[in-house]
$ cat protein-v2.pdb   # PDB, C-alpha atoms and all ligand atoms
ATOM      1  CA  MET A   1       0.000   0.000   0.000
ATOM      2  CA  SER A   2       1.133   3.541  -0.624
ATOM      3  CA  ARG A   3       3.479   5.065   1.906
ATOM      4  CA  TYR A   4       2.462   8.539   0.769
ATOM      5  CA  THR A   5      -1.174   8.465   1.936
ATOM      6  CA  PHE A   6      -2.327   8.430   5.536
ATOM      7  CA  PHE A   7      -5.365   6.241   5.059
ATOM      8  CA  VAL A   8      -6.098   3.031   3.200
ATOM      9  CA  ARG A   9      -8.475   3.468   0.245
ATOM     10  CA  ALA A  10     -10.902   0.586  -0.163
ATOM     11  CA  VAL A  11     -13.777  -0.546  -2.369
ATOM     12  CA  VAL A  12     -16.245  -3.205  -1.192
ATOM     13  CA  THR A  13     -19.041  -4.380  -3.497
ATOM     14  CA  GLY A  14     -22.309  -5.521  -1.941
ATOM     15  CA  GLY A  15     -21.829  -3.497   1.245
ATOM     16  CA  SER A  16     -25.450  -2.910   2.232
ATOM     17  CA  ARG A  17     -25.813  -6.044   4.363
ATOM     18  CA  GLY A  18     -24.185  -9.275   5.508
ATOM     19  CA  ILE A  19     -20.459  -9.840   5.102
ATOM     20  CA  GLY A  20     -19.974  -6.795   2.842
ATOM     21  CA  ARG A  21     -21.528  -4.440   5.371
ATOM     22  CA  ALA A  22     -19.402  -5.882   8.203
ATOM     23  CA  ILE A  23     -16.260  -5.362   6.082
ATOM     24  CA  VAL A  24     -17.271  -1.759   5.344
ATOM     25  CA  GLU A  25     -17.767  -1.121   9.067
ATOM     26  CA  ALA A  26     -14.494  -2.805  10.036
ATOM     27  CA  PHE A  27     -12.581  -0.789   7.410
ATOM     28  CA  LEU A  28     -14.131   2.474   8.616
ATOM     29  CA  LYS A  29     -13.155   1.609  12.209
ATOM     30  CA  GLU A  30      -9.562   1.246  10.958
ATOM     31  CA  ASN A  31      -9.860   4.728   9.427
ATOM     32  CA  TYR A  32      -9.960   3.426   5.873
ATOM     33  CA  ARG A  33     -11.712   5.591   3.275
ATOM     34  CA  VAL A  34     -14.365   3.323   1.769
ATOM     35  CA  CYS A  35     -16.562   3.142  -1.338
ATOM     36  CA  THR A  36     -19.353   0.619  -1.551
ATOM     37  CA  CYS A  37     -22.337  -0.295  -3.692
ATOM     38  CA  ALA A  38     -25.389  -2.535  -3.885
ATOM     39  CA  ARG A  39     -28.267  -2.714  -6.342
ATOM     40  CA  HIS A  40     -30.790  -1.136  -4.013
ATOM     41  CA  GLN A  41     -30.421   2.466  -2.885
ATOM     42  CA  GLU A  42     -32.610   1.823   0.179
ATOM     43  CA  GLY A  43     -30.118  -0.572   1.809
ATOM     44  CA  LEU A  44     -27.290   1.889   1.220
ATOM     45  CA  LEU A  45     -29.273   4.735   2.787
ATOM     46  CA  VAL A  46     -29.958   2.571   5.844
ATOM     47  CA  LEU A  47     -26.242   1.697   6.017
ATOM     48  CA  LYS A  48     -25.180   5.347   5.904
ATOM     49  CA  ARG A  49     -27.811   6.427   8.405
ATOM     50  CA  GLU A  50     -27.005   3.629  10.877
ATOM     51  CA  LEU A  51     -23.286   4.422  10.686
ATOM     52  CA  GLY A  52     -23.948   8.130  11.298
ATOM     53  CA  ASP A  53     -23.158   9.225   7.726
ATOM     54  CA  PRO A  54     -19.362   8.991   8.073
ATOM     55  CA  ILE A  55     -17.361  11.350   5.849
ATOM     56  CA  ASN A  56     -15.048   8.480   4.898
ATOM     57  CA  LEU A  57     -17.868   6.486   3.304
ATOM     58  CA  PHE A  58     -19.202   6.836  -0.223
ATOM     59  CA  ALA A  59     -22.073   4.566  -1.285
ATOM     60  CA  MET A  60     -24.023   4.444  -4.528
ATOM     61  CA  PRO A  61     -26.299   1.992  -6.304
ATOM     62  CA  CYS A  62     -24.514  -0.196  -8.831
ATOM     63  CA  ASP A  63     -25.398  -3.535 -10.342
ATOM     64  CA  VAL A  64     -22.080  -5.312 -10.881
ATOM     65  CA  LYS A  65     -23.424  -7.349 -13.791
ATOM     66  CA  ASP A  66     -24.094  -4.156 -15.771
ATOM     67  CA  ARG A  67     -20.827  -2.824 -17.200
ATOM     68  CA  ASP A  68     -22.085   0.774 -17.601
ATOM     69  CA  SER A  69     -23.273   0.779 -14.007
ATOM     70  CA  VAL A  70     -19.826  -0.488 -12.935
ATOM     71  CA  LYS A  71     -18.026   2.147 -15.036
ATOM     72  CA  SER A  72     -20.055   4.881 -13.347
ATOM     73  CA  PHE A  73     -19.316   3.384  -9.899
ATOM     74  CA  VAL A  74     -15.588   3.232 -10.702
ATOM     75  CA  ASN A  75     -15.552   6.880 -11.836
ATOM     76  CA  HIS A  76     -17.275   8.025  -8.644
ATOM     77  CA  CYS A  77     -14.969   5.902  -6.463
ATOM     78  CA  VAL A  78     -11.869   7.259  -8.168
ATOM     79  CA  SER A  79     -13.105  10.824  -7.587
ATOM     80  CA  PHE A  80     -13.635   9.991  -3.913
ATOM     81  CA  LEU A  81     -10.503   7.894  -3.301
ATOM     82  CA  GLY A  82      -7.952   8.857  -5.926
ATOM     83  CA  LYS A  83      -6.323   5.441  -6.008
ATOM     84  CA  VAL A  84      -7.408   2.097  -4.562
ATOM     85  CA  ASP A  85      -5.388  -0.006  -2.105
ATOM     86  CA  VAL A  86      -7.958  -2.720  -1.350
ATOM     87  CA  LEU A  87     -10.717  -4.063  -3.605
ATOM     88  CA  VAL A  88     -13.150  -6.601  -2.129
ATOM     89  CA  ASN A  89     -15.347  -8.349  -4.693
ATOM     90  CA  ASN A  90     -18.067  -9.378  -2.277
ATOM     91  CA  ALA A  91     -21.377  -8.838  -4.135
ATOM     92  CA  GLY A  92     -23.001 -12.139  -4.963
ATOM     93  CA  VAL A  93     -26.254 -14.011  -5.373
ATOM     94  CA  LEU A  94     -27.172 -17.583  -4.497
ATOM     95  CA  GLY A  95     -29.652 -18.610  -7.177
ATOM     96  CA  VAL A  96     -31.525 -21.792  -6.317
ATOM     97  CA  ARG A  97     -30.588 -25.174  -4.824
ATOM     98  CA  GLU A  98     -31.346 -27.546  -7.698
ATOM     99  CA  LYS A  99     -29.619 -30.334  -9.608
ATOM    100  CA  ILE A 100     -28.230 -29.376 -13.029
ATOM    101  CA  GLU A 101     -30.943 -31.320 -14.882
ATOM    102  CA  GLY A 102     -33.662 -29.190 -13.273
ATOM    103  CA  TYR A 103     -31.755 -25.932 -12.894
ATOM    104  CA  PRO A 104     -33.714 -22.956 -14.376
ATOM    105  CA  GLU A 105     -31.781 -21.421 -17.296
ATOM    106  CA  ASP A 106     -32.640 -17.803 -16.398
ATOM    107  CA  VAL A 107     -31.378 -18.249 -12.832
ATOM    108  CA  TRP A 108     -28.200 -19.915 -14.155
ATOM    109  CA  GLU A 109     -27.493 -16.923 -16.390
ATOM    110  CA  GLU A 110     -28.252 -14.368 -13.664
ATOM    111  CA  VAL A 111     -25.969 -16.022 -11.089
ATOM    112  CA  LEU A 112     -23.054 -16.258 -13.514
ATOM    113  CA  ARG A 113     -23.614 -12.672 -14.679
ATOM    114  CA  VAL A 114     -23.497 -11.326 -11.126
ATOM    115  CA  ASN A 115     -20.916 -13.586  -9.481
ATOM    116  CA  LEU A 116     -18.506 -14.053 -12.405
ATOM    117  CA  ASN A 117     -19.045 -11.316 -14.993
ATOM    118  CA  GLY A 118     -19.626  -8.786 -12.203
ATOM    119  CA  MET A 119     -16.332  -9.661 -10.512
ATOM    120  CA  PHE A 120     -14.606  -9.415 -13.898
ATOM    121  CA  PHE A 121     -16.070  -5.971 -14.753
ATOM    122  CA  VAL A 122     -15.345  -4.522 -11.310
ATOM    123  CA  THR A 123     -11.798  -5.869 -11.293
ATOM    124  CA  LYS A 124     -11.012  -4.906 -14.888
ATOM    125  CA  TYR A 125     -12.198  -1.324 -14.456
ATOM    126  CA  PHE A 126     -10.440  -0.814 -11.090
ATOM    127  CA  ILE A 127      -7.092  -2.353 -12.051
ATOM    128  CA  PRO A 128      -5.764   0.859 -13.665
ATOM    129  CA  TYR A 129      -6.348   2.648 -10.348
ATOM    130  CA  MET A 130      -4.909  -0.032  -8.056
ATOM    131  CA  GLU A 131      -1.945   1.077  -5.991
ATOM    132  CA  ARG A 132       1.278  -0.948  -5.907
ATOM    133  CA  GLY A 133       1.255  -3.216  -2.857
ATOM    134  CA  GLY A 134      -2.553  -3.397  -2.885
ATOM    135  CA  PHE A 135      -5.025  -6.250  -2.473
ATOM    136  CA  ILE A 136      -7.879  -7.768  -4.448
ATOM    137  CA  ILE A 137      -9.990 -10.089  -2.297
ATOM    138  CA  ASN A 138     -12.627 -12.158  -4.088
ATOM    139  CA  MET A 139     -15.301 -13.810  -1.940
ATOM    140  CA  SER A 140     -15.261 -17.493  -2.735
ATOM    141  CA  SER A 141     -16.977 -20.465  -1.098
ATOM    142  CA  GLY A 142     -16.347 -24.020  -0.001
ATOM    143  CA  VAL A 143     -18.657 -25.165  -2.796
ATOM    144  CA  GLY A 144     -16.218 -23.586  -5.266
ATOM    145  CA  LYS A 145     -13.501 -26.018  -4.169
ATOM    146  CA  ARG A 146     -15.224 -29.397  -4.048
ATOM    147  CA  PRO A 147     -18.322 -30.743  -5.805
ATOM    148  CA  ALA A 148     -21.496 -30.007  -3.824
ATOM    149  CA  PRO A 149     -24.609 -31.342  -5.578
ATOM    150  CA  THR A 150     -27.531 -28.886  -6.011
ATOM    151  CA  TRP A 151     -25.361 -25.761  -5.636
ATOM    152  CA  GLY A 152     -25.552 -25.340  -9.436
ATOM    153  CA  ALA A 153     -24.577 -21.978 -10.902
ATOM    154  CA  TYR A 154     -23.429 -20.643  -7.522
ATOM    155  CA  ALA A 155     -20.881 -23.455  -7.178
ATOM    156  CA  VAL A 156     -19.723 -23.041 -10.763
ATOM    157  CA  SER A 157     -19.355 -19.268 -10.246
ATOM    158  CA  LYS A 158     -17.216 -19.874  -7.166
ATOM    159  CA  PHE A 159     -15.022 -22.444  -8.987
ATOM    160  CA  GLY A 160     -14.656 -19.597 -11.497
ATOM    161  CA  THR A 161     -13.757 -17.190  -8.694
ATOM    162  CA  GLU A 162     -10.976 -19.542  -7.590
ATOM    163  CA  GLY A 163      -9.605 -19.807 -11.138
ATOM    164  CA  PHE A 164      -9.977 -16.080 -11.819
ATOM    165  CA  SER A 165      -8.064 -15.281  -8.632
ATOM    166  CA  LEU A 166      -5.197 -17.681  -9.433
ATOM    167  CA  LEU A 167      -4.873 -16.204 -12.919
ATOM    168  CA  LEU A 168      -5.092 -12.598 -11.749
ATOM    169  CA  ALA A 169      -2.549 -13.196  -8.975
ATOM    170  CA  GLU A 170      -0.002 -14.185 -11.634
ATOM    171  CA  GLU A 171      -0.856 -11.224 -13.857
ATOM    172  CA  LEU A 172      -0.596  -8.658 -11.044
ATOM    173  CA  ARG A 173       2.477 -10.103  -9.325
ATOM    174  CA  GLU A 174       4.789  -7.672 -11.129
ATOM    175  CA  ARG A 175       2.746  -4.769  -9.702
ATOM    176  CA  ASP A 176       3.011  -6.280  -6.218
ATOM    177  CA  ILE A 177      -0.786  -6.563  -5.958
ATOM    178  CA  ARG A 178      -1.890  -9.588  -3.930
ATOM    179  CA  VAL A 179      -4.999 -11.428  -5.116
ATOM    180  CA  TYR A 180      -6.983 -13.812  -2.901
ATOM    181  CA  ALA A 181      -9.984 -16.111  -3.257
ATOM    182  CA  PHE A 182     -11.269 -16.017   0.305
ATOM    183  CA  ASN A 183     -13.829 -18.521   1.558
ATOM    184  CA  PRO A 184     -15.542 -17.053   4.637
ATOM    185  CA  GLY A 185     -17.309 -20.323   5.498
ATOM    186  CA  ALA A 186     -20.836 -20.557   6.905
ATOM    187  CA  THR A 187     -21.809 -17.056   8.065
ATOM    188  CA  ARG A 188     -25.025 -15.658   9.564
ATOM    189  CA  THR A 189     -26.448 -13.673   6.611
ATOM    190  CA  THR A 190     -29.530 -13.415   4.416
ATOM    191  CA  MET A 191     -27.853 -15.526   1.741
ATOM    192  CA  ARG A 192     -26.996 -18.332   4.169
ATOM    193  CA  ALA A 193     -30.581 -18.323   5.513
ATOM    194  CA  GLN A 194     -31.834 -18.587   1.927
ATOM    195  CA  ALA A 195     -29.574 -21.625   1.336
ATOM    196  CA  TYR A 196     -30.378 -23.307   4.676
ATOM    197  CA  PRO A 197     -33.840 -22.113   5.816
ATOM    198  CA  GLN A 198     -34.091 -24.813   8.520
ATOM    199  CA  GLU A 199     -30.747 -23.954  10.140
ATOM    200  CA  ASP A 200     -30.369 -22.239  13.523
ATOM    201  CA  PRO A 201     -28.465 -19.050  12.576
ATOM    202  CA  THR A 202     -27.226 -18.448  16.123
ATOM    203  CA  ARG A 203     -24.806 -21.383  15.644
ATOM    204  CA  LEU A 204     -23.032 -19.643  12.774
ATOM    205  CA  LYS A 205     -20.161 -17.196  12.860
ATOM    206  CA  SER A 206     -21.100 -13.540  12.516
ATOM    207  CA  PRO A 207     -20.254 -11.302   9.537
ATOM    208  CA  GLU A 208     -18.157  -9.247  11.981
ATOM    209  CA  GLU A 209     -15.896 -12.272  12.606
ATOM    210  CA  VAL A 210     -15.406 -12.619   8.843
ATOM    211  CA  ALA A 211     -14.588  -8.906   8.581
ATOM    212  CA  ARG A 212     -11.928  -9.279  11.292
ATOM    213  CA  ALA A 213     -10.441 -12.168   9.298
ATOM    214  CA  VAL A 214     -10.288  -9.962   6.190
ATOM    215  CA  LEU A 215      -8.380  -7.327   8.166
ATOM    216  CA  ARG A 216      -5.990 -10.038   9.401
ATOM    217  CA  LEU A 217      -5.513 -11.256   5.841
ATOM    218  CA  ILE A 218      -4.516  -7.733   4.754
ATOM    219  CA  LYS A 219      -2.070  -7.494   7.653
ATOM    220  CA  LEU A 220      -0.556 -10.950   7.103
ATOM    221  CA  ARG A 221      -0.304 -10.867   3.272
ATOM    222  CA  PRO A 222      -0.257 -14.716   3.046
ATOM    223  CA  SER A 223       1.432 -16.201  -0.015
ATOM    224  CA  SER A 224      -1.384 -18.668  -0.933
ATOM    225  CA  VAL A 225      -4.086 -17.319  -3.241
ATOM    226  CA  SER A 226      -6.897 -19.635  -2.110
ATOM    227  CA  LEU A 227      -7.703 -19.231   1.571
ATOM    228  CA  ASP A 228     -10.357 -20.417   3.999
ATOM    229  CA  TYR A 229     -11.448 -18.475   7.077
ATOM    230  CA  GLU A 230      -9.660 -21.027   9.280
ATOM    231  CA  ASP A 231      -6.333 -20.414   7.487
ATOM    232  CA  ILE A 232      -6.018 -16.952   8.950
ATOM    233  CA  LEU A 233      -7.385 -17.438  12.464
TER     234      LEU A 233
HETATM  235  N1  LIG M   1     -22.957 -16.159   4.041
HETATM  236  C1  LIG M   1     -22.219 -17.240   3.836
HETATM  237  O1  LIG M   1     -22.330 -18.248   4.565
HETATM  238  C2  LIG M   1     -21.209 -17.253   2.703
HETATM  239  C3  LIG M   1     -20.387 -18.392   2.585
HETATM  240  C4  LIG M   1     -19.456 -18.430   1.563
HETATM  241  C5  LIG M   1     -19.328 -17.352   0.696
HETATM  242  N2  LIG M   1     -20.139 -16.257   0.827
HETATM  243  C6  LIG M   1     -19.961 -15.152  -0.119
HETATM  244  O2  LIG M   1     -19.802 -13.932   0.584
HETATM  245  C7  LIG M   1     -20.353 -12.848  -0.189
HETATM  246  C8  LIG M   1     -21.369 -12.075   0.633
HETATM  247  O3  LIG M   1     -22.410 -12.966   0.994
HETATM  248  P1  LIG M   1     -23.529 -12.610   2.081
HETATM  249  O4  LIG M   1     -23.900 -13.884   2.705
HETATM  250  O5  LIG M   1     -23.102 -11.463   2.911
HETATM  251  O6  LIG M   1     -24.736 -12.182   1.085
HETATM  252  P2  LIG M   1     -26.020 -11.249   1.319
HETATM  253  O7  LIG M   1     -26.342 -11.151   2.749
HETATM  254  O8  LIG M   1     -27.059 -11.765   0.390
HETATM  255  O9  LIG M   1     -25.505  -9.801   0.805
HETATM  256  C9  LIG M   1     -25.174  -9.633  -0.561
HETATM  257  C10 LIG M   1     -24.814  -8.174  -0.818
HETATM  258  O10 LIG M   1     -24.498  -8.059  -2.222
HETATM  259  C11 LIG M   1     -25.373  -7.087  -2.826
HETATM  260  N3  LIG M   1     -25.605  -7.517  -4.220
HETATM  261  C12 LIG M   1     -26.253  -8.622  -4.655
HETATM  262  N4  LIG M   1     -26.287  -8.647  -5.994
HETATM  263  C13 LIG M   1     -25.636  -7.534  -6.411
HETATM  264  C14 LIG M   1     -25.355  -6.981  -7.701
HETATM  265  N5  LIG M   1     -25.764  -7.581  -8.835
HETATM  266  N6  LIG M   1     -24.657  -5.816  -7.772
HETATM  267  C15 LIG M   1     -24.251  -5.181  -6.632
HETATM  268  N7  LIG M   1     -24.504  -5.644  -5.399
HETATM  269  C16 LIG M   1     -25.196  -6.811  -5.291
HETATM  270  C17 LIG M   1     -26.622  -7.071  -1.932
HETATM  271  O11 LIG M   1     -27.352  -5.856  -2.019
HETATM  272  P3  LIG M   1     -28.579  -5.685  -3.079
HETATM  273  O12 LIG M   1     -29.494  -6.850  -2.890
HETATM  274  O13 LIG M   1     -29.193  -4.347  -2.772
HETATM  275  O14 LIG M   1     -27.926  -5.668  -4.421
HETATM  276  C18 LIG M   1     -25.971  -7.211  -0.558
HETATM  277  O15 LIG M   1     -25.450  -5.970  -0.148
HETATM  278  C19 LIG M   1     -20.962 -13.488  -1.449
HETATM  279  O16 LIG M   1     -20.041 -13.404  -2.523
HETATM  280  C20 LIG M   1     -21.151 -14.940  -1.040
HETATM  281  O17 LIG M   1     -21.145 -15.802  -2.143
HETATM  282  C21 LIG M   1     -21.081 -16.183   1.817
END

$ encode --input "protein-v2.pdb" --output "structure tokens"
Amino acid sequence: MSRYTFFVRAVVTGGSRGIGRAIVEAFLKENYRVCTCARHQEGLLVLKRELGDPINLFAMPCDVKDRDSVKSFVNHCVSFLGKVDVLVNNAGVLGVREKIEGYPEDVWEEVLRVNLNGMFFVTKYFIPYMERGGFIINMSSGVGKRPAPTWGAYAVSKFGTEGFSLLLAEELRERDIRVYAFNPGATRTTMRAQAYPQEDPTRLKSPEEVARAVLRLIKLRPSSVSLDYEDIL
């Protein structure tokens, strides 16, 4: 990260709730300057209001699967931050739990557009503004590492996230930008409740614990690209 600025400049996609929101809050507590987005303005307004409208936070609606929407988000972030030290590709959707033979085609396309194309657009358009020594952290999943029947497009998108991260890590090595595919593991969020409606959420780790792990990851700069939550406890 730059030795010439006094604060870390970060972008977190999907920051209106769940893991993304906890990362935004943790970054702000560390005095990072943070840009975030989500599709729905309402969630972002609630976020800003509940955090007391911090001057170090910029939030705007952006759908990561829409390249024009991402370009506009990038332009606003660059005006707010200048350069970017940390990019967290967190925005994601679950789709449905269904075997491939019954998987709805429209849901398949939507999940891959958001989770894969979205990560690609956001990363591609921010790369020119990434600072030497920076980080790109892509939210992965355990179902992107081993076959998990019925996880369909979500699983395939996370296998893609793992591959994308390995490839990007090689490409950005010469700029000293670290790239990670980070699997947070089961976490108490809306998405997890959608995947496991019968589960008792109080038994799961909180988004705040995941956010602390992300901060540790940034501090530790591990050499492996693919990491699980437990790897950086
Ligand atoms: N929770 C878990 O147990 C778990 C486990 C492994 C991996 N993960 C990964 O961790 C990340 C966060 O998951 P979560 O559980 O916190 O999910 P979540 O509670 O559903 O939150 C998702 C966030 O992403 C935003 N979002 C969704 N689609 C978007 C789009 N097209 N463009 C921009 N923003 C979008 C949502 O806001 P809007 O709806 O307003 O767009 C929301 O802010 C995901 O990548 C997920 O795959 C989660």

$ closest_residue --input "protein-v2.pdb" --among "A:Thr161, A:Ser141, A:Ser72, A:Thr36" --to "ligand LIG 1 (chain M)" --atoms "all atoms listed in the file"
A:Ser141

$ resolve_selection --input "protein-v2.pdb" --expression "the PyMOL selection byres (((not hetatm)) within 8 of (chain M and resi 1))" --output "PDB file with C-alpha atoms, in the frame of the given file"
ATOM      1  CA  THR A  13     -19.041  -4.380  -3.497  1.00  0.00           C
ATOM      2  CA  GLY A  14     -22.309  -5.521  -1.941  1.00  0.00           C
ATOM      3  CA  GLY A  15     -21.829  -3.497   1.245  1.00  0.00           C
ATOM      4  CA  SER A  16     -25.450  -2.910   2.232  1.00  0.00           C
ATOM      5  CA  ARG A  17     -25.813  -6.044   4.363  1.00  0.00           C
ATOM      6  CA  GLY A  18     -24.185  -9.275   5.508  1.00  0.00           C
ATOM      7  CA  ILE A  19     -20.459  -9.840   5.102  1.00  0.00           C
ATOM      8  CA  GLY A  20     -19.974  -6.795   2.842  1.00  0.00           C
ATOM      9  CA  ARG A  21     -21.528  -4.440   5.371  1.00  0.00           C
ATOM     10  CA  CYS A  37     -22.337  -0.295  -3.692  1.00  0.00           C
ATOM     11  CA  ALA A  38     -25.389  -2.535  -3.885  1.00  0.00           C
ATOM     12  CA  ARG A  39     -28.267  -2.714  -6.342  1.00  0.00           C
ATOM     13  CA  HIS A  40     -30.790  -1.136  -4.013  1.00  0.00           C
ATOM     14  CA  GLN A  41     -30.421   2.466  -2.885  1.00  0.00           C
ATOM     15  CA  GLU A  42     -32.610   1.823   0.179  1.00  0.00           C
ATOM     16  CA  GLY A  43     -30.118  -0.572   1.809  1.00  0.00           C
ATOM     17  CA  LEU A  44     -27.290   1.889   1.220  1.00  0.00           C
ATOM     18  CA  PRO A  61     -26.299   1.992  -6.304  1.00  0.00           C
ATOM     19  CA  CYS A  62     -24.514  -0.196  -8.831  1.00  0.00           C
ATOM     20  CA  ASP A  63     -25.398  -3.535 -10.342  1.00  0.00           C
ATOM     21  CA  VAL A  64     -22.080  -5.312 -10.881  1.00  0.00           C
ATOM     22  CA  LYS A  65     -23.424  -7.349 -13.791  1.00  0.00           C
ATOM     23  CA  ASP A  66     -24.094  -4.156 -15.771  1.00  0.00           C
ATOM     24  CA  ASN A  89     -15.347  -8.349  -4.693  1.00  0.00           C
ATOM     25  CA  ASN A  90     -18.067  -9.378  -2.277  1.00  0.00           C
ATOM     26  CA  ALA A  91     -21.377  -8.838  -4.135  1.00  0.00           C
ATOM     27  CA  GLY A  92     -23.001 -12.139  -4.963  1.00  0.00           C
ATOM     28  CA  VAL A  93     -26.254 -14.011  -5.373  1.00  0.00           C
ATOM     29  CA  LEU A  94     -27.172 -17.583  -4.497  1.00  0.00           C
ATOM     30  CA  VAL A 114     -23.497 -11.326 -11.126  1.00  0.00           C
ATOM     31  CA  ASN A 115     -20.916 -13.586  -9.481  1.00  0.00           C
ATOM     32  CA  GLY A 118     -19.626  -8.786 -12.203  1.00  0.00           C
ATOM     33  CA  ASN A 138     -12.627 -12.158  -4.088  1.00  0.00           C
ATOM     34  CA  MET A 139     -15.301 -13.810  -1.940  1.00  0.00           C
ATOM     35  CA  SER A 140     -15.261 -17.493  -2.735  1.00  0.00           C
ATOM     36  CA  SER A 141     -16.977 -20.465  -1.098  1.00  0.00           C
ATOM     37  CA  GLY A 142     -16.347 -24.020  -0.001  1.00  0.00           C
ATOM     38  CA  TYR A 154     -23.429 -20.643  -7.522  1.00  0.00           C
ATOM     39  CA  LYS A 158     -17.216 -19.874  -7.166  1.00  0.00           C
ATOM     40  CA  ASN A 183     -13.829 -18.521   1.558  1.00  0.00           C
ATOM     41  CA  PRO A 184     -15.542 -17.053   4.637  1.00  0.00           C
ATOM     42  CA  GLY A 185     -17.309 -20.323   5.498  1.00  0.00           C
ATOM     43  CA  ALA A 186     -20.836 -20.557   6.905  1.00  0.00           C
ATOM     44  CA  THR A 187     -21.809 -17.056   8.065  1.00  0.00           C
ATOM     45  CA  ARG A 188     -25.025 -15.658   9.564  1.00  0.00           C
ATOM     46  CA  THR A 189     -26.448 -13.673   6.611  1.00  0.00           C
ATOM     47  CA  THR A 190     -29.530 -13.415   4.416  1.00  0.00           C
ATOM     48  CA  MET A 191     -27.853 -15.526   1.741  1.00  0.00           C
ATOM     49  CA  ARG A 192     -26.996 -18.332   4.169  1.00  0.00           C
ATOM     50  CA  PRO A 207     -20.254 -11.302   9.537  1.00  0.00           C
TER      51      PRO A 207
END

$ closest_residue --input "protein-v2.pdb" --among "A:Lys83, A:Arg212, A:Arg178, A:Arg173" --to "Glu25 in chain A" --atoms "all atoms listed in the file"
A:Arg212

$ residues_near_point --input "protein-v2.pdb" --point "(-10.6, 10.2, -3.0)" --cutoff "10 Å" --atoms "all atoms listed in the file" --output "list of chain:residue names"
A:Arg9, A:Arg33, A:Val34, A:Cys35, A:Asn56, A:Phe58, A:His76, A:Cys77, A:Val78, A:Ser79, A:Phe80, A:Leu81, A:Gly82, A:Lys83, A:Val84

$ closest_residue --input "protein-v2.pdb" --among "A:Leu172, A:Val143, A:Ala22, A:Val12" --to "Val88 in chain A" --atoms "all atoms listed in the file"
A:Val12

$ atom_distance --input "protein-v2.pdb" --atom1 "CA of Arg67 in chain A" --atom2 "CA of Trp151 in chain A"
26.1 Å

$ axis_aligned_box --input "protein-v2.pdb" --around "range 170-174 of chain A" --padding-each-side "6 Å" --output "AutoDock Vina command-line options"
--center_x 2.0 --center_y -10.9 --center_z -11.6 --size_x 17.6 --size_y 18.5 --size_z 16.5

$ decode --input "protein-v2.pdb" --residues "range 115-125 of chain A" --atoms "N, CA, C and O atoms" --output "PDB file, in the first residue's frame"
ATOM      1  N   ASN A 115     -22.054 -13.090 -10.261  1.00  0.00           N
ATOM      2  CA  ASN A 115     -20.916 -13.586  -9.481  1.00  0.00           C
ATOM      3  C   ASN A 115     -19.616 -13.648 -10.293  1.00  0.00           C
ATOM      4  O   ASN A 115     -18.537 -13.447  -9.744  1.00  0.00           O
ATOM      5  N   LEU A 116     -19.728 -13.923 -11.587  1.00  0.00           N
ATOM      6  CA  LEU A 116     -18.506 -14.053 -12.405  1.00  0.00           C
ATOM      7  C   LEU A 116     -18.260 -12.818 -13.264  1.00  0.00           C
ATOM      8  O   LEU A 116     -17.215 -12.174 -13.142  1.00  0.00           O
ATOM      9  N   ASN A 117     -19.244 -12.488 -14.128  1.00  0.00           N
ATOM     10  CA  ASN A 117     -19.045 -11.316 -14.993  1.00  0.00           C
ATOM     11  C   ASN A 117     -18.883 -10.063 -14.137  1.00  0.00           C
ATOM     12  O   ASN A 117     -18.062  -9.204 -14.444  1.00  0.00           O
ATOM     13  N   GLY A 118     -19.690  -9.960 -13.073  1.00  0.00           N
ATOM     14  CA  GLY A 118     -19.626  -8.786 -12.203  1.00  0.00           C
ATOM     15  C   GLY A 118     -18.236  -8.627 -11.605  1.00  0.00           C
ATOM     16  O   GLY A 118     -17.658  -7.537 -11.610  1.00  0.00           O
ATOM     17  N   MET A 119     -17.692  -9.711 -11.094  1.00  0.00           N
ATOM     18  CA  MET A 119     -16.332  -9.661 -10.512  1.00  0.00           C
ATOM     19  C   MET A 119     -15.317  -9.251 -11.583  1.00  0.00           C
ATOM     20  O   MET A 119     -14.401  -8.464 -11.317  1.00  0.00           O
ATOM     21  N   PHE A 120     -15.511  -9.766 -12.792  1.00  0.00           N
ATOM     22  CA  PHE A 120     -14.606  -9.415 -13.898  1.00  0.00           C
ATOM     23  C   PHE A 120     -14.696  -7.928 -14.235  1.00  0.00           C
ATOM     24  O   PHE A 120     -13.674  -7.233 -14.323  1.00  0.00           O
ATOM     25  N   PHE A 121     -15.920  -7.394 -14.403  1.00  0.00           N
ATOM     26  CA  PHE A 121     -16.070  -5.971 -14.753  1.00  0.00           C
ATOM     27  C   PHE A 121     -15.451  -5.081 -13.668  1.00  0.00           C
ATOM     28  O   PHE A 121     -14.681  -4.169 -13.956  1.00  0.00           O
ATOM     29  N   VAL A 122     -15.825  -5.364 -12.419  1.00  0.00           N
ATOM     30  CA  VAL A 122     -15.345  -4.522 -11.310  1.00  0.00           C
ATOM     31  C   VAL A 122     -13.818  -4.551 -11.268  1.00  0.00           C
ATOM     32  O   VAL A 122     -13.157  -3.513 -11.190  1.00  0.00           O
ATOM     33  N   THR A 123     -13.257  -5.737 -11.368  1.00  0.00           N
ATOM     34  CA  THR A 123     -11.798  -5.869 -11.293  1.00  0.00           C
ATOM     35  C   THR A 123     -11.126  -5.180 -12.475  1.00  0.00           C
ATOM     36  O   THR A 123     -10.197  -4.386 -12.303  1.00  0.00           O
ATOM     37  N   LYS A 124     -11.618  -5.475 -13.677  1.00  0.00           N
ATOM     38  CA  LYS A 124     -11.012  -4.906 -14.888  1.00  0.00           C
ATOM     39  C   LYS A 124     -10.991  -3.384 -14.839  1.00  0.00           C
ATOM     40  O   LYS A 124      -9.984  -2.757 -15.142  1.00  0.00           O
ATOM     41  N   TYR A 125     -12.116  -2.788 -14.425  1.00  0.00           N
ATOM     42  CA  TYR A 125     -12.198  -1.324 -14.456  1.00  0.00           C
ATOM     43  C   TYR A 125     -11.449  -0.663 -13.289  1.00  0.00           C
ATOM     44  O   TYR A 125     -11.095   0.514 -13.377  1.00  0.00           O
TER      45      TYR A 125
END
